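K.L.:
One file: start.cif (mmCIF, C-alpha atoms).
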data_structure
loop_
_atom_site.label_atom_id
_atom_site.label_comp_id
_atom_site.auth_asym_id
_atom_site.auth_seq_id
_atom_site.Cartn_x
_atom_site.Cartn_y
_atom_site.Cartn_z
CA MET A 1 -12.49 7.38 6.40
CA ALA A 2 -11.14 7.64 2.85
CA SER A 3 -13.77 7.56 0.13
CA ALA A 4 -14.21 5.21 -2.78
CA GLU A 5 -13.23 5.77 -6.38
CA PRO A 6 -15.67 8.10 -8.15
CA PRO A 7 -17.64 6.82 -11.12
CA ALA A 8 -15.84 6.92 -14.46
CA GLY A 9 -15.62 10.38 -15.94
CA ARG A 10 -15.93 12.26 -12.65
CA GLY A 11 -12.91 14.21 -11.40
CA SER A 12 -11.29 13.50 -8.05
CA ALA A 13 -8.91 15.31 -5.72
CA ALA A 14 -5.40 14.08 -5.04
CA PRO A 15 -5.67 11.04 -2.77
CA THR A 16 -4.80 11.20 0.89
CA LEU A 17 -4.32 8.24 3.19
CA ALA A 18 -2.96 8.16 6.71
CA LEU A 19 -2.13 5.56 9.33
CA GLU A 20 -5.40 6.51 11.06
CA ASP A 21 -7.32 5.24 8.00
CA VAL A 22 -5.43 1.94 8.14
CA ARG A 23 -6.07 1.61 11.88
CA THR A 24 -9.78 2.23 11.29
CA ALA A 25 -9.77 -0.47 8.63
CA GLN A 26 -8.00 -2.83 11.03
CA GLU A 27 -10.76 -2.45 13.59
CA ARG A 28 -13.50 -2.74 10.97
CA ILE A 29 -12.27 -6.02 9.47
CA ARG A 30 -11.23 -7.63 12.74
CA GLY A 31 -13.12 -10.89 13.07
CA TYR A 32 -13.58 -11.22 9.31
CA VAL A 33 -9.95 -11.87 8.29
CA HIS A 34 -7.06 -13.83 9.73
CA ARG A 35 -4.11 -12.31 11.51
CA THR A 36 -1.75 -14.35 9.36
CA PRO A 37 1.42 -15.92 10.75
CA VAL A 38 4.95 -14.65 10.24
CA LEU A 39 7.40 -17.44 9.44
CA THR A 40 11.19 -17.59 9.15
CA SER A 41 13.64 -19.92 7.44
CA ALA A 42 17.29 -20.42 8.40
CA ALA A 43 17.88 -22.09 5.02
CA LEU A 44 16.60 -19.06 3.11
CA ASP A 45 18.59 -16.73 5.36
CA ALA A 46 21.74 -18.64 4.39
CA LEU A 47 20.77 -18.59 0.72
CA THR A 48 20.19 -14.82 0.60
CA GLY A 49 22.55 -13.52 3.28
CA ALA A 50 19.67 -11.68 4.96
CA ARG A 51 17.43 -12.31 7.96
CA LEU A 52 14.04 -12.97 6.38
CA SER A 53 10.54 -12.89 7.82
CA PHE A 54 7.54 -13.92 5.73
CA LYS A 55 4.03 -12.55 6.28
CA CYS A 56 1.93 -15.48 5.03
CA GLU A 57 -1.09 -13.94 3.34
CA ASN A 58 -1.30 -17.12 1.29
CA LEU A 59 -2.95 -18.46 4.47
CA GLN A 60 -5.46 -15.58 4.54
CA LYS A 61 -9.20 -15.92 3.93
CA VAL A 62 -9.76 -16.68 0.21
CA GLY A 63 -6.05 -17.54 0.07
CA ALA A 64 -4.87 -13.97 -0.51
CA PHE A 65 -4.36 -10.54 1.07
CA LYS A 66 -7.27 -9.25 -1.02
CA ALA A 67 -9.66 -10.28 1.76
CA ARG A 68 -8.45 -7.27 3.74
CA GLY A 69 -9.27 -4.51 1.28
CA ALA A 70 -12.48 -6.10 0.08
CA HIS A 71 -13.88 -6.44 3.59
CA ASN A 72 -12.94 -2.88 4.47
CA ALA A 73 -14.70 -1.54 1.37
CA VAL A 74 -17.84 -3.65 1.76
CA LEU A 75 -18.18 -3.21 5.52
CA SER A 76 -17.72 0.57 5.28
CA LEU A 77 -20.91 0.98 3.22
CA THR A 78 -24.04 2.29 4.86
CA ASP A 79 -27.07 0.00 4.80
CA ALA A 80 -28.61 2.07 2.00
CA GLU A 81 -25.42 1.98 -0.06
CA ALA A 82 -25.01 -1.76 0.48
CA LEU A 83 -28.59 -2.73 -0.42
CA PRO A 84 -28.07 -3.04 -4.23
CA GLY A 85 -24.93 -5.08 -3.65
CA VAL A 86 -21.34 -4.62 -4.73
CA LEU A 87 -19.62 -4.99 -8.07
CA THR A 88 -16.04 -5.54 -9.22
CA HIS A 89 -13.89 -6.90 -12.01
CA SER A 90 -11.07 -9.28 -11.20
CA SER A 91 -8.74 -11.96 -12.51
CA GLY A 92 -9.55 -14.00 -9.42
CA ASN A 93 -8.43 -13.20 -5.88
CA HIS A 94 -10.13 -9.82 -5.53
CA GLY A 95 -13.33 -11.22 -6.99
CA ALA A 96 -13.35 -14.03 -4.45
CA ALA A 97 -12.62 -11.56 -1.65
CA VAL A 98 -15.47 -9.24 -2.65
CA ALA A 99 -17.82 -12.23 -2.94
CA LEU A 100 -16.90 -13.41 0.57
CA ALA A 101 -17.20 -9.91 2.06
CA ALA A 102 -20.59 -9.48 0.42
CA ARG A 103 -21.75 -12.85 1.73
CA ASN A 104 -20.67 -11.79 5.22
CA ARG A 105 -22.64 -8.55 4.77
CA GLY A 106 -25.66 -10.39 3.35
CA ILE A 107 -25.71 -8.61 0.00
CA PRO A 108 -25.13 -9.72 -3.61
CA ALA A 109 -21.72 -9.50 -5.30
CA TYR A 110 -21.39 -9.11 -9.07
CA VAL A 111 -17.98 -10.14 -10.40
CA VAL A 112 -16.74 -9.61 -13.97
CA MET A 113 -13.93 -12.03 -14.82
CA PRO A 114 -11.82 -12.66 -17.93
CA SER A 115 -12.73 -15.91 -19.64
CA THR A 116 -9.07 -16.97 -19.36
CA THR A 117 -9.03 -16.84 -15.55
CA ALA A 118 -7.49 -19.91 -13.88
CA GLU A 119 -10.10 -22.52 -12.97
CA VAL A 120 -9.06 -22.51 -9.31
CA LYS A 121 -9.92 -18.79 -9.11
CA LYS A 122 -13.18 -19.15 -11.03
CA SER A 123 -14.24 -21.87 -8.60
CA ALA A 124 -13.37 -19.72 -5.59
CA VAL A 125 -15.60 -16.84 -6.70
CA ALA A 126 -18.49 -19.22 -7.30
CA ARG A 127 -17.91 -20.95 -3.96
CA TYR A 128 -18.30 -17.64 -2.11
CA GLY A 129 -21.54 -16.86 -3.91
CA GLY A 130 -20.35 -14.34 -6.48
CA ILE A 131 -22.61 -13.70 -9.48
CA VAL A 132 -20.09 -14.08 -12.29
CA THR A 133 -20.11 -12.57 -15.78
CA TYR A 134 -17.24 -13.60 -18.07
CA CYS A 135 -15.70 -11.23 -20.59
CA GLU A 136 -12.90 -11.06 -23.13
CA PRO A 137 -9.44 -10.91 -21.48
CA THR A 138 -8.85 -7.19 -22.03
CA LEU A 139 -9.09 -4.23 -19.68
CA ARG A 140 -11.51 -2.50 -22.07
CA ALA A 141 -13.85 -5.50 -21.99
CA ARG A 142 -13.71 -5.69 -18.20
CA GLU A 143 -14.55 -2.03 -17.82
CA SER A 144 -17.38 -1.95 -20.37
CA VAL A 145 -19.12 -5.01 -18.91
CA THR A 146 -18.65 -3.66 -15.39
CA GLU A 147 -20.16 -0.32 -16.32
CA ARG A 148 -23.17 -2.05 -17.91
CA ILE A 149 -23.82 -4.12 -14.78
CA ARG A 150 -23.44 -1.07 -12.54
CA ALA A 151 -26.04 0.79 -14.62
CA GLU A 152 -28.41 -2.18 -14.39
CA THR A 153 -28.04 -2.93 -10.68
CA GLY A 154 -26.90 0.24 -8.93
CA ALA A 155 -24.27 -1.87 -7.12
CA ASP A 156 -21.37 -0.08 -5.41
CA PHE A 157 -18.17 -0.51 -7.43
CA VAL A 158 -15.17 -1.84 -5.48
CA HIS A 159 -12.11 -1.36 -7.66
CA PRO A 160 -9.48 -4.11 -7.33
CA TYR A 161 -6.85 -1.59 -6.24
CA ASN A 162 -7.61 2.06 -7.15
CA ASP A 163 -9.97 2.60 -4.23
CA LEU A 164 -8.85 4.22 -0.98
CA ARG A 165 -11.05 1.88 1.08
CA VAL A 166 -9.28 -1.09 -0.50
CA ILE A 167 -5.84 0.51 -0.10
CA ALA A 168 -6.45 1.16 3.61
CA GLY A 169 -7.51 -2.44 4.10
CA GLN A 170 -4.41 -3.78 2.39
CA GLY A 171 -2.24 -1.59 4.60
CA THR A 172 -3.37 -3.58 7.65
CA ALA A 173 -0.98 -6.36 6.60
CA ALA A 174 1.95 -4.00 7.19
CA VAL A 175 0.63 -2.92 10.58
CA GLU A 176 0.43 -6.54 11.74
CA PHE A 177 3.85 -7.32 10.27
CA ILE A 178 5.63 -4.46 12.04
CA GLU A 179 3.80 -5.17 15.30
CA GLU A 180 5.31 -8.66 15.18
CA VAL A 181 8.73 -7.79 13.69
CA PRO A 182 9.36 -4.15 14.69
CA ASP A 183 13.00 -3.94 13.58
CA LEU A 184 12.58 -4.55 9.84
CA ASP A 185 15.07 -2.70 7.64
CA LEU A 186 13.41 -3.54 4.32
CA LEU A 187 9.87 -4.54 3.34
CA LEU A 188 9.18 -6.18 -0.03
CA CYS A 189 5.82 -6.77 -1.68
CA PRO A 190 4.49 -7.32 -5.19
CA VAL A 191 3.09 -4.45 -7.25
CA GLY A 192 0.59 -4.64 -10.08
CA GLY A 193 -2.12 -2.03 -9.74
CA GLY A 194 -0.48 -0.85 -6.53
CA GLY A 195 -3.24 -1.28 -3.94
CA LEU A 196 -1.06 -3.37 -1.65
CA LEU A 197 2.16 -1.41 -2.13
CA SER A 198 0.52 1.97 -1.55
CA GLY A 199 -1.26 0.84 1.62
CA VAL A 200 1.80 -0.99 2.92
CA ALA A 201 4.09 1.97 2.21
CA VAL A 202 1.83 4.45 4.00
CA ALA A 203 1.48 2.21 7.07
CA ALA A 204 5.09 1.05 7.24
CA LYS A 205 6.60 4.51 6.85
CA SER A 206 4.25 5.91 9.50
CA LEU A 207 5.20 3.19 12.01
CA ARG A 208 8.90 2.94 11.14
CA PRO A 209 10.12 5.98 9.17
CA GLY A 210 13.56 4.52 8.48
CA ILE A 211 12.29 1.36 6.80
CA ARG A 212 12.83 0.88 3.04
CA VAL A 213 9.70 -0.19 1.17
CA VAL A 214 10.29 -1.70 -2.25
CA GLY A 215 7.77 -3.03 -4.75
CA VAL A 216 8.58 -5.87 -7.13
CA GLU A 217 6.97 -6.66 -10.48
CA PRO A 218 7.69 -8.90 -13.48
CA ALA A 219 10.06 -7.47 -16.07
CA LEU A 220 7.42 -8.33 -18.70
CA ALA A 221 4.99 -5.95 -16.97
CA ASP A 222 7.27 -3.13 -15.83
CA ASP A 223 4.88 -0.18 -16.12
CA ALA A 224 4.97 0.48 -12.36
CA GLN A 225 8.76 0.75 -12.36
CA ARG A 226 8.69 3.02 -15.41
CA SER A 227 6.02 5.19 -13.81
CA PHE A 228 7.83 5.37 -10.48
CA ARG A 229 11.19 6.32 -11.94
CA SER A 230 9.90 8.75 -14.55
CA GLY A 231 7.39 10.43 -12.28
CA VAL A 232 4.76 10.12 -15.01
CA LEU A 233 2.01 7.50 -14.92
CA GLN A 234 2.70 5.01 -17.71
CA PRO A 235 0.06 2.90 -19.45
CA GLY A 236 -0.05 -0.80 -18.72
CA THR A 237 0.89 -3.43 -21.27
CA ASP A 238 -0.76 -6.66 -22.34
CA ALA A 239 2.36 -8.67 -21.46
CA GLN A 240 1.46 -12.26 -20.63
CA THR A 241 3.57 -12.72 -17.51
CA ILE A 242 3.03 -15.85 -15.45
CA ALA A 243 2.17 -13.48 -12.56
CA ASP A 244 -1.37 -12.88 -13.81
CA GLY A 245 -2.36 -10.94 -10.69
CA LEU A 246 0.23 -8.24 -11.51
CA ARG A 247 -0.91 -7.33 -15.01
CA GLY A 248 -2.89 -4.28 -13.83
CA ALA A 249 -1.50 -0.77 -14.26
CA LEU A 250 -1.11 1.79 -11.46
CA GLY A 251 -4.09 4.08 -10.90
CA ASP A 252 -4.55 7.75 -10.14
CA LYS A 253 -4.81 6.94 -6.43
CA THR A 254 -2.14 4.28 -6.05
CA PHE A 255 0.53 6.03 -8.15
CA PRO A 256 0.88 9.24 -6.08
CA LEU A 257 0.80 7.29 -2.81
CA ILE A 258 3.57 4.99 -4.04
CA ARG A 259 5.61 7.93 -5.32
CA ALA A 260 5.27 9.66 -1.95
CA HIS A 261 5.94 6.71 0.35
CA ALA A 262 7.75 3.84 -1.41
CA ASP A 263 11.51 3.82 -2.00
CA ASP A 264 11.85 1.89 -5.25
CA ILE A 265 10.29 -0.61 -7.64
CA VAL A 266 12.41 -3.40 -9.14
CA THR A 267 11.68 -6.12 -11.69
CA VAL A 268 12.38 -9.84 -11.96
CA SER A 269 12.47 -12.40 -14.77
CA GLU A 270 9.88 -15.08 -15.44
CA GLN A 271 12.49 -17.75 -14.73
CA ALA A 272 13.21 -16.22 -11.32
CA ILE A 273 9.50 -16.19 -10.46
CA VAL A 274 9.16 -19.91 -11.18
CA ARG A 275 12.36 -20.63 -9.24
CA ALA A 276 11.03 -18.66 -6.27
CA MET A 277 7.74 -20.60 -6.22
CA ARG A 278 9.61 -23.88 -6.21
CA THR A 279 12.14 -22.72 -3.60
CA ILE A 280 9.39 -21.69 -1.18
CA ALA A 281 7.61 -25.01 -1.74
CA GLU A 282 10.75 -27.07 -1.21
CA ILE A 283 12.16 -25.18 1.78
CA MET A 284 9.14 -23.72 3.58
CA LYS A 285 6.56 -26.29 2.43
CA LEU A 286 4.24 -23.48 1.33
CA ILE A 287 2.36 -23.17 -1.96
CA ILE A 288 2.46 -19.61 -3.30
CA GLU A 289 1.13 -18.26 -6.57
CA PRO A 290 3.37 -16.55 -9.16
CA SER A 291 2.33 -13.02 -8.16
CA SER A 292 3.25 -13.86 -4.57
CA ALA A 293 6.67 -15.14 -5.61
CA VAL A 294 8.05 -11.94 -7.14
CA PRO A 295 9.57 -10.51 -3.90
CA VAL A 296 11.27 -13.85 -3.24
CA ALA A 297 12.51 -13.81 -6.83
CA ALA A 298 14.01 -10.36 -6.23
CA LEU A 299 16.04 -11.74 -3.32
CA LEU A 300 17.16 -14.84 -5.21
CA GLU A 301 17.99 -12.88 -8.38
CA GLY A 302 19.79 -10.06 -6.52
CA ALA A 303 17.39 -7.36 -7.73
CA VAL A 304 17.50 -5.73 -4.28
CA SER A 305 20.36 -5.16 -1.87
CA ALA A 306 19.44 -7.10 1.26
CA ARG A 307 22.54 -8.76 2.70
CA GLU A 308 22.84 -8.53 6.50
CA GLN A 309 19.48 -6.75 6.70
CA ARG A 310 16.26 -7.68 8.45
CA VAL A 311 13.90 -8.18 5.52
CA GLY A 312 10.13 -8.59 5.55
CA VAL A 313 8.44 -10.32 2.61
CA ILE A 314 4.68 -10.36 2.09
CA LEU A 315 3.63 -13.66 0.51
CA THR A 316 0.46 -12.33 -1.00
CA GLY A 317 -1.45 -15.42 -2.12
CA GLY A 318 -1.51 -19.15 -2.60
CA ASN A 319 -4.19 -19.83 -5.21
CA VAL A 320 -2.42 -22.08 -7.68
CA ASP A 321 -3.79 -24.43 -10.31
CA LEU A 322 -2.04 -27.56 -9.03
CA ASP A 323 -2.58 -29.33 -12.35
CA ARG A 324 -0.49 -26.71 -14.13
CA LEU A 325 2.50 -26.07 -11.87
CA ARG A 326 5.14 -24.52 -14.12
CA TRP A 327 8.08 -26.48 -12.74
CA VAL A 328 6.46 -29.89 -13.30
#
Let me see the structure of the file written as structure tokens.
P.N.:
Amino acid sequence: MASAEPPAGRGSAAPTLALEDVRTAQERIRGYVHRTPVLTSAALDALTGARLSFKCENLQKVGAFKARGAHNAVLSLTDAEALPGVLTHSSGNHGAAVALAARNRGIPAYVVMPSTTAEVKKSAVARYGGIVTYCEPTLRARESVTERIRAETGADFVHPYNDLRVIAGQGTAAVEFIEEVPDLDLLLCPVGGGGLLSGVAVAAKSLRPGIRVVGVEPALADDAQRSFRSGVLQPGTDAQTIADGLRGALGDKTFPLIRAHADDIVTVSEQAIVRAMRTIAEIMKLIIEPSSAVPVAALLEGAVSAREQRVGVILTGGNVDLDRLRWV
């Protein structure tokens, strides 16, 4: 099975990930995560001119696809490796997922979170038993606090996305999707740090070579698109997009996998993201978070060519602060 990210400062070989790794992850996490439903909507088909299928990871454990990668990483540890616990930094969903996976494994989970994290996500991490340390809302602060806790505890670090164990786990969503809807022409999913997109692209292209796999990100945080199209990994920005889960930059593992297996990355406006959240709520009666809405926004805004195609959309999460809905 693919190995974890090495400690900071240690070199690593070019990442490799195959469908076999995703299948292994699927067996490992079976019984710990939901096989989420795939829903359709005639109204949205008419609105977009495509035949849409939605993989509802907003109905996943912890309310997000992150449960997949976190469980694969935590459950793949040996007993000796797992004993000190696990450690991560997260703006919410990944932290909750690692906390739940650790609880299922019977080990502690240390979670470093920005102080600005939405209350609904802070509460989720605490509910699953995570030991939370808050930090300033910068990547540098996250990483420095995480490194200090790792030195103190010896906990295994589970990166939110730049970890091949996590990537393989996220790819299981694509395996389930294509098993249920085998004739997809196009598969859309959000991209921030790229853990989902890289795992999905590897799995989808292995199962259905002719499928197009496209990542979507906010225009305010377009480093993944710039990296993909230039062929050179671009630094992330501190853009304050509403899609807080997509503010991470691609990593040295996710970037080459996306370049090798995905077809494109497109961007959408903040207004389109809010419209997509509301449209899904009104038509499908589903609550999705802003990061989850970006592929829907791409369809509504015309950022991708999808007319008369069979399109799969991964709705990645549904953890929303209901007191602060942007369209209210």
K.L.:
Need the shell around range 119-124 of chain A: protein/DNA/RNA residues with any atom at most 7 Å away, counting all atoms listed in the file. Skip same-chain ones fewer than 2 positions apart. Format as a ChimeraX atom specification?
P.N.:
/A:92-93,96,117,126-128,319-321
K.L.:
Would you kindly translate the PyMOL selection byres ((chain A and resi 82) around 10) into the concrete residues it picks from this file, as a ChimeraX atom specification?
P.N.:
/A:74-81,83-86,102,105-108,154-156
K.L.:
Applied to this file, what does the PyMOL selection byres ((chain A and resi 55) around 8) return in terms of residues, put as a tab-separated table (two decimals) with C-alpha atoms, in the coordinates of the input?
P.N.:
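File written: selection22.tsv
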chain	number	residue	atom	x	y	z
A	36	THR	CA	-1.75	-14.35	9.36
A	37	PRO	CA	1.42	-15.92	10.75
A	38	VAL	CA	4.95	-14.65	10.24
A	39	LEU	CA	7.40	-17.44	9.44
A	53	SER	CA	10.54	-12.89	7.82
A	54	PHE	CA	7.54	-13.92	5.73
A	56	CYS	CA	1.93	-15.48	5.03
A	57	GLU	CA	-1.09	-13.94	3.34
A	173	ALA	CA	-0.98	-6.36	6.60
A	177	PHE	CA	3.85	-7.32	10.27
A	312	GLY	CA	10.13	-8.59	5.55
A	313	VAL	CA	8.44	-10.32	2.61
A	314	ILE	CA	4.68	-10.36	2.09
A	315	LEU	CA	3.63	-13.66	0.51
K.L.:
Taking a cut-off of 10 Å and counting all atoms listed in the file, can you build a table that, for each residue of range 11-129 of chain A near range 192-202 of chain A, reports the nearest atom pair and how far apart they are in Å (one decimal), sorted by chain then residue number, as a Markdown table?
P.N.:
| residue | atom | partner | partner_atom | distance |
| --- | --- | --- | --- | --- |
| A:Thr16 | CA | A:Val202 | CA | 10.0 |
| A:Leu17 | CA | A:Val202 | CA | 7.3 |
| A:Ala18 | CA | A:Val202 | CA | 6.6 |
| A:Leu19 | CA | A:Val202 | CA | 6.7 |
| A:Asp21 | CA | A:Gly199 | CA | 9.8 |
| A:Val22 | CA | A:Gly199 | CA | 7.8 |
| A:Phe65 | CA | A:Leu196 | CA | 8.3 |
| A:Lys66 | CA | A:Leu196 | CA | 8.6 |
| A:Arg68 | CA | A:Leu196 | CA | 9.9 |
| A:Gly69 | CA | A:Gly195 | CA | 8.6 |
K.L.:
Quick check on the file I pasted: which residues fall under the PyMOL selection byres ((chain A and resi 164) around 12)? Write them as number ranges by chain.
P.N.:
A: 1-6, 12, 14-18, 21-22, 25, 69-70, 72-73, 76, 158-163, 165-171, 194-196, 198-199, 202, 251-255, 257
K.L.:
Find the residues around range 305-309 of chain A up to 9 Å (all atoms listed in the file counted), leave out those fewer than 6 positions away in its own chain, and share them as an mmCIF file with C-alpha atoms, keeping the file's coordinate frame.
P.N.:
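The resulting file, result-v5.cif, is reproduced below:
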data_model
loop_
_atom_site.group_PDB
_atom_site.id
_atom_site.type_symbol
_atom_site.label_atom_id
_atom_site.label_comp_id
_atom_site.auth_asym_id
_atom_site.auth_seq_id
_atom_site.Cartn_x
_atom_site.Cartn_y
_atom_site.Cartn_z
ATOM 1 C CA THR A 48 20.190 -14.820 0.600
ATOM 2 C CA GLY A 49 22.550 -13.520 3.280
ATOM 3 C CA ALA A 50 19.670 -11.680 4.960
ATOM 4 C CA ARG A 51 17.430 -12.310 7.960
ATOM 5 C CA LEU A 52 14.040 -12.970 6.380
ATOM 6 C CA LEU A 184 12.580 -4.550 9.840
ATOM 7 C CA ASP A 185 15.070 -2.700 7.640
ATOM 8 C CA LEU A 186 13.410 -3.540 4.320
ATOM 9 C CA LEU A 299 16.040 -11.740 -3.320
#
K.L.:
Quick one: distance from CA of Ala243 in chain A to CA of Ile273 in chain A in Å, one decimal?
P.N.:
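About the pair CA of Ala243 in chain A and CA of Ile273 in chain A: they are 8.1 Å apart.
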K.L.:
Taking (3.0, -12.4, -6.8) in the coordinates of the supplied file, I want to know which residues reach to within 7 Å of it, counting only C-alpha atoms; could you give the answer as a PyMOL selection string?
P.N.:
chain A and resi 190+243+245-246+289-294+316
K.L.:
Around all the atoms of range 299-310 of chain A listed in the file, with 6 Å of room on each side, what axis-aligned box do you get, giving centre and edge lengths in Å to one decimal, as AutoDock Vina command-line options?
P.N.:
--center_x 19.4 --center_y -10.0 --center_z 0.0 --size_x 18.8 --size_y 21.7 --size_z 28.8
K.L.:
Can you tell me how far CA of Ala272 in chain A sits from CA of Thr172 in chain A, in Å to one decimal?
P.N.:
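We find that CA of Ala272 in chain A and CA of Thr172 in chain A lie 28.2 Å from each other.
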K.L.:
One decimal, Å: what's the distance from CA of Asp223 in chain A over to CA of Leu139 in chain A, could you say?
P.N.:
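These two atoms are separated by 15.0 Å.
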K.L.:
Might you pull out every residue within 7 Å of Ala99 in chain A, with only C-alpha atoms counted and same-chain residues fewer than 2 positions away left off, and present them as a list in words?
P.N.:
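Selected residues are Gly95, Ala96, Ala97, Ala101, Ala102, Arg103, Ala109, Val125, Tyr128, Gly129 and Gly130 of chain A.
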K.L.:
Between A:Ser41, A:Val216, A:His34, A:Gln26, which has the minimum distance to Asn58 in chain A (counting only C-alpha atoms)?
P.N.:
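So, comparing all the options, the nearest one is A:His34.
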K.L.:
Taking into account only C-alpha atoms, which residue in the set A:Leu44, A:Val311, A:Val214, A:Val296 is nearest to Val181 in chain A?
P.N.:
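Closest to Val181 in chain A of all the choices is A:Val311.
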K.L.:
Please supply range 103-117 of chain A, rebuilt with N, CA and C atoms, as a PDB file, keeping the file's coordinate frame.
P.N.:
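Output (rebuild22.pdb):
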ATOM      1  N   ARG A 103     -21.007 -11.792   1.052  1.00  0.00           N
ATOM      2  CA  ARG A 103     -21.750 -12.850   1.730  1.00  0.00           C
ATOM      3  C   ARG A 103     -21.801 -12.571   3.232  1.00  0.00           C
ATOM      4  N   ASN A 104     -20.688 -12.129   3.787  1.00  0.00           N
ATOM      5  CA  ASN A 104     -20.670 -11.790   5.220  1.00  0.00           C
ATOM      6  C   ASN A 104     -21.587 -10.617   5.539  1.00  0.00           C
ATOM      7  N   ARG A 105     -21.765  -9.719   4.575  1.00  0.00           N
ATOM      8  CA  ARG A 105     -22.640  -8.550   4.770  1.00  0.00           C
ATOM      9  C   ARG A 105     -24.092  -8.882   4.419  1.00  0.00           C
ATOM     10  N   GLY A 106     -24.310 -10.004   3.730  1.00  0.00           N
ATOM     11  CA  GLY A 106     -25.660 -10.390   3.350  1.00  0.00           C
ATOM     12  C   GLY A 106     -26.188  -9.659   2.144  1.00  0.00           C
ATOM     13  N   ILE A 107     -25.309  -9.330   1.204  1.00  0.00           N
ATOM     14  CA  ILE A 107     -25.710  -8.610   0.000  1.00  0.00           C
ATOM     15  C   ILE A 107     -25.133  -9.320  -1.220  1.00  0.00           C
ATOM     16  N   PRO A 108     -25.673  -9.066  -2.415  1.00  0.00           N
ATOM     17  CA  PRO A 108     -25.130  -9.720  -3.610  1.00  0.00           C
ATOM     18  C   PRO A 108     -23.795  -9.122  -4.044  1.00  0.00           C
ATOM     19  N   ALA A 109     -22.991  -9.938  -4.733  1.00  0.00           N
ATOM     20  CA  ALA A 109     -21.720  -9.500  -5.300  1.00  0.00           C
ATOM     21  C   ALA A 109     -21.686  -9.881  -6.767  1.00  0.00           C
ATOM     22  N   TYR A 110     -21.495  -8.900  -7.629  1.00  0.00           N
ATOM     23  CA  TYR A 110     -21.390  -9.110  -9.070  1.00  0.00           C
ATOM     24  C   TYR A 110     -19.913  -9.024  -9.448  1.00  0.00           C
ATOM     25  N   VAL A 111     -19.414 -10.067 -10.097  1.00  0.00           N
ATOM     26  CA  VAL A 111     -17.980 -10.140 -10.400  1.00  0.00           C
ATOM     27  C   VAL A 111     -17.793 -10.386 -11.896  1.00  0.00           C
ATOM     28  N   VAL A 112     -17.088  -9.466 -12.554  1.00  0.00           N
ATOM     29  CA  VAL A 112     -16.740  -9.610 -13.970  1.00  0.00           C
ATOM     30  C   VAL A 112     -15.346 -10.203 -14.046  1.00  0.00           C
ATOM     31  N   MET A 113     -15.203 -11.316 -14.764  1.00  0.00           N
ATOM     32  CA  MET A 113     -13.930 -12.030 -14.820  1.00  0.00           C
ATOM     33  C   MET A 113     -13.547 -12.328 -16.264  1.00  0.00           C
ATOM     34  N   PRO A 114     -12.258 -12.240 -16.592  1.00  0.00           N
ATOM     35  CA  PRO A 114     -11.820 -12.660 -17.930  1.00  0.00           C
ATOM     36  C   PRO A 114     -12.084 -14.144 -18.132  1.00  0.00           C
ATOM     37  N   SER A 115     -12.438 -14.505 -19.345  1.00  0.00           N
ATOM     38  CA  SER A 115     -12.730 -15.910 -19.640  1.00  0.00           C
ATOM     39  C   SER A 115     -11.511 -16.801 -19.465  1.00  0.00           C
ATOM     40  N   THR A 116     -10.314 -16.202 -19.482  1.00  0.00           N
ATOM     41  CA  THR A 116      -9.070 -16.970 -19.360  1.00  0.00           C
ATOM     42  C   THR A 116      -8.619 -17.168 -17.917  1.00  0.00           C
ATOM     43  N   THR A 117      -9.395 -16.707 -16.960  1.00  0.00           N
ATOM     44  CA  THR A 117      -9.030 -16.840 -15.550  1.00  0.00           C
ATOM     45  C   THR A 117      -8.799 -18.307 -15.184  1.00  0.00           C
TER      46      THR A 117
END
